[in-house]
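One structure is given below, encoded as structure tokens.
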Amino acid sequence: MNIEKFRIREGSKVNLKDHPTDFTAEYTDKKQAEIDLSKNVERLAELQDVLYAHDVFSLLIIFQAMDAAGKDGAIEHVMSGVNPQGCHVVSFKQPSSEELDHDFLWRCAKNTPERGKIGIFNRSHYEEVLIVRVHPAILQNQRLPDAVKKDKNVWKKRFTAIRNFEDTLVENGTHVIKFFLNISKEEQKQRFLSRIEEKEKNWKFSLGDVKE
């Protein structure tokens, strides 16, 4: 597969309209995709052994997506073959009281993978420049100095902080790979409905997701 179609180069502008949600690359059916996934999972397990034995680098995989886009499923299927002792998954929900007592990067920074390990973020520090930016009331309710809450450049400063944070990770041996899973509004609607209609998926449903 030519991954260049999915890669976003640094400094380039992105318009999601240029990336159709029904794009399936060279796959015409799920069977071949499942066969290739199985092979890649095996290869991933082999590379994990090398990563652990080398004990110099680490891997941080970040998943961002709209609600119901399949972050949990992607993590479950793609990472199914790795050794769980060398892989750590963290799902970032609404910040806890302890997390609000620290800077916005703290909870992510303390969960980055150690050398030889794989870390997976289900959502990440990007929530602080996405959801929080869309809903300014969240920022106003955080335990921040008034000067920060009133700063018109707060988002630019957070962008800079995030870039510096990731640059520091890379400079110290952590490879950072980021994925954004995109689905259409119609597909998202159908997935929300399935969470209501199928009992085994009820636990995934939240009114907050619908409002979002």
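In the structure tokens, each chain is lettered A, B, ... as it comes, each chain's residues begin at 1, and ligands are numbered from 1 in order of appearance.
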Worksheet entry | Long-range neighbours of Ala65 of chain A as a count of residues only, 12 Å cut-off, only C-alpha atoms, 6 positions minimum in chain | 19
Contact residues around Ser38 of chain A with only C-alpha atoms at 12 Å, ignoring same-chain residues under 4 positions, as an mmCIF file with N, CA and C atoms, in the first residue's frame:
data_model
loop_
_atom_site.group_PDB
_atom_site.id
_atom_site.type_symbol
_atom_site.label_atom_id
_atom_site.label_comp_id
_atom_site.auth_asym_id
_atom_site.auth_seq_id
_atom_site.Cartn_x
_atom_site.Cartn_y
_atom_site.Cartn_z
ATOM 1 N N LYS A 31 -11.816 -9.405 3.019
ATOM 2 C CA LYS A 31 -11.026 -10.626 3.172
ATOM 3 C C LYS A 31 -9.541 -10.369 2.969
ATOM 4 N N GLN A 32 -9.189 -9.706 1.862
ATOM 5 C CA GLN A 32 -7.782 -9.439 1.588
ATOM 6 C C GLN A 32 -7.207 -8.485 2.619
ATOM 7 N N ALA A 33 -8.011 -7.524 3.054
ATOM 8 C CA ALA A 33 -7.553 -6.581 4.078
ATOM 9 C C ALA A 33 -7.240 -7.316 5.374
ATOM 10 N N GLU A 34 -8.069 -8.294 5.730
ATOM 11 C CA GLU A 34 -7.857 -9.066 6.954
ATOM 12 C C GLU A 34 -6.607 -9.935 6.845
ATOM 13 N N GLU A 42 1.857 -9.770 12.642
ATOM 14 C CA GLU A 42 2.999 -10.648 12.925
ATOM 15 C C GLU A 42 4.310 -9.878 12.790
ATOM 16 N N ARG A 43 4.412 -9.072 11.740
ATOM 17 C CA ARG A 43 5.622 -8.283 11.516
ATOM 18 C C ARG A 43 5.806 -7.266 12.640
ATOM 19 N N LEU A 44 4.718 -6.690 13.094
ATOM 20 C CA LEU A 44 4.770 -5.719 14.183
ATOM 21 C C LEU A 44 5.298 -6.362 15.461
ATOM 22 N N ALA A 45 4.881 -7.597 15.709
ATOM 23 C CA ALA A 45 5.348 -8.320 16.893
ATOM 24 C C ALA A 45 6.855 -8.564 16.814
ATOM 25 N N HIS A 77 -7.427 -4.269 17.047
ATOM 26 C CA HIS A 77 -7.078 -5.155 15.943
ATOM 27 C C HIS A 77 -5.618 -5.035 15.509
ATOM 28 N N VAL A 78 -5.134 -3.815 15.381
ATOM 29 C CA VAL A 78 -3.769 -3.623 14.886
ATOM 30 C C VAL A 78 -2.732 -4.056 15.915
ATOM 31 N N MET A 79 -3.020 -3.824 17.193
ATOM 32 C CA MET A 79 -2.041 -4.128 18.234
ATOM 33 C C MET A 79 -2.285 -5.480 18.896
ATOM 34 N N SER A 80 -3.134 -6.303 18.306
ATOM 35 C CA SER A 80 -3.511 -7.576 18.928
ATOM 36 C C SER A 80 -2.353 -8.561 19.060
ATOM 37 N N GLY A 81 -1.320 -8.404 18.227
ATOM 38 C CA GLY A 81 -0.240 -9.381 18.255
ATOM 39 C C GLY A 81 0.976 -8.978 19.066
ATOM 40 N N VAL A 82 0.976 -7.777 19.623
ATOM 41 C CA VAL A 82 2.150 -7.336 20.372
ATOM 42 C C VAL A 82 2.130 -7.885 21.791
#
Fill in: Selected residue, from A:Phe63, A:Phe6, A:Phe165, A:Phe104, that lies nearest to Phe23 of chain A when counting only C-alpha atoms
A:Phe6
Could you pull the residues within 12 Å of Ile138 of chain A, counting only C-alpha atoms, minus those fewer than 5 positions along the same chain, as an mmCIF file with C-alpha atoms, in the first residue's frame?
data_model
loop_
_atom_site.group_PDB
_atom_site.id
_atom_site.type_symbol
_atom_site.label_atom_id
_atom_site.label_comp_id
_atom_site.auth_asym_id
_atom_site.auth_seq_id
_atom_site.Cartn_x
_atom_site.Cartn_y
_atom_site.Cartn_z
ATOM 1 C CA GLN A 94 -12.201 14.474 30.902
ATOM 2 C CA PRO A 95 -9.287 15.687 33.077
ATOM 3 C CA LEU A 100 -6.283 19.969 36.473
ATOM 4 C CA GLU A 127 -7.874 17.619 23.003
ATOM 5 C CA GLU A 128 -6.651 20.815 24.664
ATOM 6 C CA VAL A 129 -6.567 22.658 21.333
ATOM 7 C CA LEU A 130 -9.600 20.942 19.822
ATOM 8 C CA ILE A 131 -12.473 20.341 22.243
ATOM 9 C CA VAL A 132 -11.334 23.043 24.645
ATOM 10 C CA ARG A 133 -11.041 25.536 21.799
ATOM 11 C CA ARG A 143 -7.606 26.278 37.273
ATOM 12 C CA LEU A 144 -5.586 28.757 35.268
ATOM 13 C CA LYS A 149 -7.861 32.700 30.225
#
Discussion item. Which residues are near Lys157 of chain A? Cut-off 12 Å, only C-alpha atoms, ignore same chain within fewer than 4 positions. Put them as a list in words.
Written reply: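 The residues that qualify are Phe104, Glu128, Val129, Val148, Asp151, Lys152, Asn153, Ala161, Ile162, Arg163 and Asn164 of chain A.
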Worksheet item: Do you have the atom CA of Asn141 of chain A-atom CA of Trp155 of chain A distance handy?
Response: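 Going from atom CA of Asn141 of chain A over to atom CA of Trp155 of chain A covers 16.1 Å.
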Discussion item. I need the residues in segment 16-207 of chain A that are alpha helix (DSSP H) according to DSSP; give them as number ranges by chain.
Written reply: A: 30-54, 71-78, 97-100, 106-109, 131-134, 136-141, 146-150, 154-171, 185-197, 207
Saved selection, atoms kept: C-alpha atoms, as a PDB file, in the first residue's frame:
ATOM      1  CA  LYS A  30     -12.528  -7.155   3.649  1.00  0.00           C
ATOM      2  CA  LYS A  31     -11.026 -10.626   3.172  1.00  0.00           C
ATOM      3  CA  GLN A  32      -7.782  -9.439   1.588  1.00  0.00           C
ATOM      4  CA  ALA A  33      -7.553  -6.581   4.078  1.00  0.00           C
ATOM      5  CA  GLU A  34      -7.857  -9.066   6.954  1.00  0.00           C
ATOM      6  CA  ILE A  35      -5.151 -11.285   5.422  1.00  0.00           C
ATOM      7  CA  ASP A  36      -2.756  -8.356   5.093  1.00  0.00           C
ATOM      8  CA  LEU A  37      -3.619  -7.155   8.597  1.00  0.00           C
ATOM      9  CA  SER A  38      -2.733 -10.571  10.006  1.00  0.00           C
ATOM     10  CA  LYS A  39       0.648 -10.502   8.245  1.00  0.00           C
ATOM     11  CA  ASN A  40       1.369  -6.981   9.423  1.00  0.00           C
ATOM     12  CA  VAL A  41       0.426  -7.839  13.000  1.00  0.00           C
ATOM     13  CA  GLU A  42       2.999 -10.648  12.925  1.00  0.00           C
ATOM     14  CA  ARG A  43       5.622  -8.283  11.516  1.00  0.00           C
ATOM     15  CA  LEU A  44       4.770  -5.719  14.183  1.00  0.00           C
ATOM     16  CA  ALA A  45       5.348  -8.320  16.893  1.00  0.00           C
ATOM     17  CA  GLU A  46       8.783  -9.086  15.423  1.00  0.00           C
ATOM     18  CA  LEU A  47       9.722  -5.409  15.348  1.00  0.00           C
ATOM     19  CA  GLN A  48       8.550  -5.013  18.929  1.00  0.00           C
ATOM     20  CA  ASP A  49      11.098  -7.618  19.982  1.00  0.00           C
ATOM     21  CA  VAL A  50      13.837  -5.636  18.219  1.00  0.00           C
ATOM     22  CA  LEU A  51      12.657  -2.403  19.849  1.00  0.00           C
ATOM     23  CA  TYR A  52      12.759  -4.001  23.293  1.00  0.00           C
ATOM     24  CA  ALA A  53      16.150  -5.670  22.786  1.00  0.00           C
ATOM     25  CA  HIS A  54      17.739  -2.473  21.476  1.00  0.00           C
ATOM     26  CA  LYS A  71     -10.189   4.349  17.729  1.00  0.00           C
ATOM     27  CA  ASP A  72     -10.818   1.459  20.120  1.00  0.00           C
ATOM     28  CA  GLY A  73     -11.283  -1.008  17.267  1.00  0.00           C
ATOM     29  CA  ALA A  74      -8.137   0.112  15.476  1.00  0.00           C
ATOM     30  CA  ILE A  75      -6.078  -0.268  18.640  1.00  0.00           C
ATOM     31  CA  GLU A  76      -7.595  -3.668  19.405  1.00  0.00           C
ATOM     32  CA  HIS A  77      -7.078  -5.155  15.943  1.00  0.00           C
ATOM     33  CA  VAL A  78      -3.769  -3.623  14.886  1.00  0.00           C
ATOM     34  CA  SER A  97      -8.982  16.901  39.656  1.00  0.00           C
ATOM     35  CA  GLU A  98      -5.331  15.886  39.961  1.00  0.00           C
ATOM     36  CA  GLU A  99      -4.705  16.517  36.263  1.00  0.00           C
ATOM     37  CA  LEU A 100      -6.283  19.969  36.473  1.00  0.00           C
ATOM     38  CA  TRP A 106       1.329  16.809  32.308  1.00  0.00           C
ATOM     39  CA  ARG A 107      -1.033  13.857  32.060  1.00  0.00           C
ATOM     40  CA  CYS A 108       0.281  12.973  28.606  1.00  0.00           C
ATOM     41  CA  ALA A 109       3.938  13.533  29.468  1.00  0.00           C
ATOM     42  CA  ILE A 131     -12.473  20.341  22.243  1.00  0.00           C
ATOM     43  CA  VAL A 132     -11.334  23.043  24.645  1.00  0.00           C
ATOM     44  CA  ARG A 133     -11.041  25.536  21.799  1.00  0.00           C
ATOM     45  CA  VAL A 134     -14.495  24.670  20.449  1.00  0.00           C
ATOM     46  CA  PRO A 136     -14.291  28.049  25.559  1.00  0.00           C
ATOM     47  CA  ALA A 137     -16.208  27.477  28.798  1.00  0.00           C
ATOM     48  CA  ILE A 138     -13.956  24.491  29.470  1.00  0.00           C
ATOM     49  CA  LEU A 139     -10.885  26.721  29.479  1.00  0.00           C
ATOM     50  CA  GLN A 140     -12.607  29.267  31.696  1.00  0.00           C
ATOM     51  CA  ASN A 141     -13.432  26.566  34.244  1.00  0.00           C
ATOM     52  CA  ASP A 146      -6.897  34.942  34.637  1.00  0.00           C
ATOM     53  CA  ALA A 147      -4.184  36.272  32.336  1.00  0.00           C
ATOM     54  CA  VAL A 148      -4.084  32.919  30.544  1.00  0.00           C
ATOM     55  CA  LYS A 149      -7.861  32.700  30.225  1.00  0.00           C
ATOM     56  CA  LYS A 150      -7.977  36.181  28.685  1.00  0.00           C
ATOM     57  CA  VAL A 154      -3.484  31.139  24.168  1.00  0.00           C
ATOM     58  CA  TRP A 155      -4.053  28.666  21.332  1.00  0.00           C
ATOM     59  CA  LYS A 156      -0.937  29.681  19.417  1.00  0.00           C
ATOM     60  CA  LYS A 157       1.029  29.296  22.632  1.00  0.00           C
ATOM     61  CA  ARG A 158      -0.437  25.847  23.189  1.00  0.00           C
ATOM     62  CA  PHE A 159       0.418  24.850  19.621  1.00  0.00           C
ATOM     63  CA  THR A 160       3.997  25.910  20.309  1.00  0.00           C
ATOM     64  CA  ALA A 161       4.036  24.003  23.600  1.00  0.00           C
ATOM     65  CA  ILE A 162       2.799  20.854  21.854  1.00  0.00           C
ATOM     66  CA  ARG A 163       5.412  21.133  19.108  1.00  0.00           C
ATOM     67  CA  ASN A 164       8.160  21.622  21.682  1.00  0.00           C
ATOM     68  CA  PHE A 165       6.856  18.674  23.690  1.00  0.00           C
ATOM     69  CA  GLU A 166       6.879  16.359  20.677  1.00  0.00           C
ATOM     70  CA  ASP A 167      10.263  17.665  19.501  1.00  0.00           C
ATOM     71  CA  THR A 168      11.691  16.800  22.917  1.00  0.00           C
ATOM     72  CA  LEU A 169      10.287  13.281  22.672  1.00  0.00           C
ATOM     73  CA  VAL A 170      11.789  12.760  19.217  1.00  0.00           C
ATOM     74  CA  GLU A 171      15.165  14.178  20.237  1.00  0.00           C
ATOM     75  CA  LYS A 185     -21.481  12.293   9.481  1.00  0.00           C
ATOM     76  CA  GLU A 186     -23.888   9.674   8.139  1.00  0.00           C
ATOM     77  CA  GLU A 187     -21.601   6.815   9.170  1.00  0.00           C
ATOM     78  CA  GLN A 188     -21.132   8.395  12.581  1.00  0.00           C
ATOM     79  CA  LYS A 189     -24.918   8.623  12.970  1.00  0.00           C
ATOM     80  CA  GLN A 190     -25.334   4.941  12.103  1.00  0.00           C
ATOM     81  CA  ARG A 191     -22.673   3.948  14.619  1.00  0.00           C
ATOM     82  CA  PHE A 192     -24.350   5.976  17.341  1.00  0.00           C
ATOM     83  CA  LEU A 193     -27.658   4.252  16.550  1.00  0.00           C
ATOM     84  CA  SER A 194     -26.000   0.834  16.738  1.00  0.00           C
ATOM     85  CA  ARG A 195     -24.729   1.712  20.201  1.00  0.00           C
ATOM     86  CA  ILE A 196     -28.333   2.290  21.246  1.00  0.00           C
ATOM     87  CA  GLU A 197     -29.923  -0.655  19.452  1.00  0.00           C
ATOM     88  CA  LEU A 207     -25.408  11.690  25.414  1.00  0.00           C
TER      89      LEU A 207
END
Worksheet item: Would you give me, as a list of chain:residue names, the residues in segment 20-117 of chain A that DSSP reads as strand (DSSP E or B)?
Response: A:Ser58, A:Leu59, A:Leu60, A:Ile61, A:Ile62, A:Phe63, A:Gln64, A:Ala65, A:Cys87, A:His88, A:Val89, A:Val90, A:Ser91
Could you write out the selected residues, including N, CA and C atoms, as a compact mmCIF listing (two decimals), in the first residue's frame?
# COMPACT_ATOMS: atom_id res chain seq x y z
N SER A 58 11.78 4.32 21.61
CA SER A 58 10.42 3.94 22.02
C SER A 58 9.47 4.42 20.93
N LEU A 59 8.24 3.96 20.99
CA LEU A 59 7.25 4.32 19.97
C LEU A 59 5.99 4.84 20.63
N LEU A 60 5.55 6.02 20.22
CA LEU A 60 4.30 6.59 20.72
C LEU A 60 3.33 6.73 19.55
N ILE A 61 2.20 6.03 19.65
CA ILE A 61 1.17 6.08 18.62
C ILE A 61 -0.02 6.87 19.16
N ILE A 62 -0.39 7.92 18.45
CA ILE A 62 -1.48 8.79 18.89
C ILE A 62 -2.68 8.64 17.96
N PHE A 63 -3.83 8.33 18.54
CA PHE A 63 -5.07 8.24 17.78
C PHE A 63 -5.99 9.40 18.15
N GLN A 64 -6.37 10.18 17.16
CA GLN A 64 -7.39 11.21 17.32
C GLN A 64 -8.50 10.91 16.32
N ALA A 65 -9.72 11.23 16.69
CA ALA A 65 -10.84 10.97 15.79
C ALA A 65 -12.11 11.55 16.36
N CYS A 87 3.67 -2.92 25.91
CA CYS A 87 2.76 -1.97 25.27
C CYS A 87 1.78 -1.41 26.31
N HIS A 88 1.59 -0.10 26.28
CA HIS A 88 0.73 0.55 27.27
C HIS A 88 -0.25 1.47 26.56
N VAL A 89 -1.55 1.23 26.78
CA VAL A 89 -2.60 2.04 26.16
C VAL A 89 -3.21 2.97 27.21
N VAL A 90 -3.32 4.24 26.86
CA VAL A 90 -3.92 5.22 27.77
C VAL A 90 -5.05 5.94 27.05
N SER A 91 -6.23 5.93 27.64
CA SER A 91 -7.38 6.66 27.09
C SER A 91 -7.58 7.93 27.89
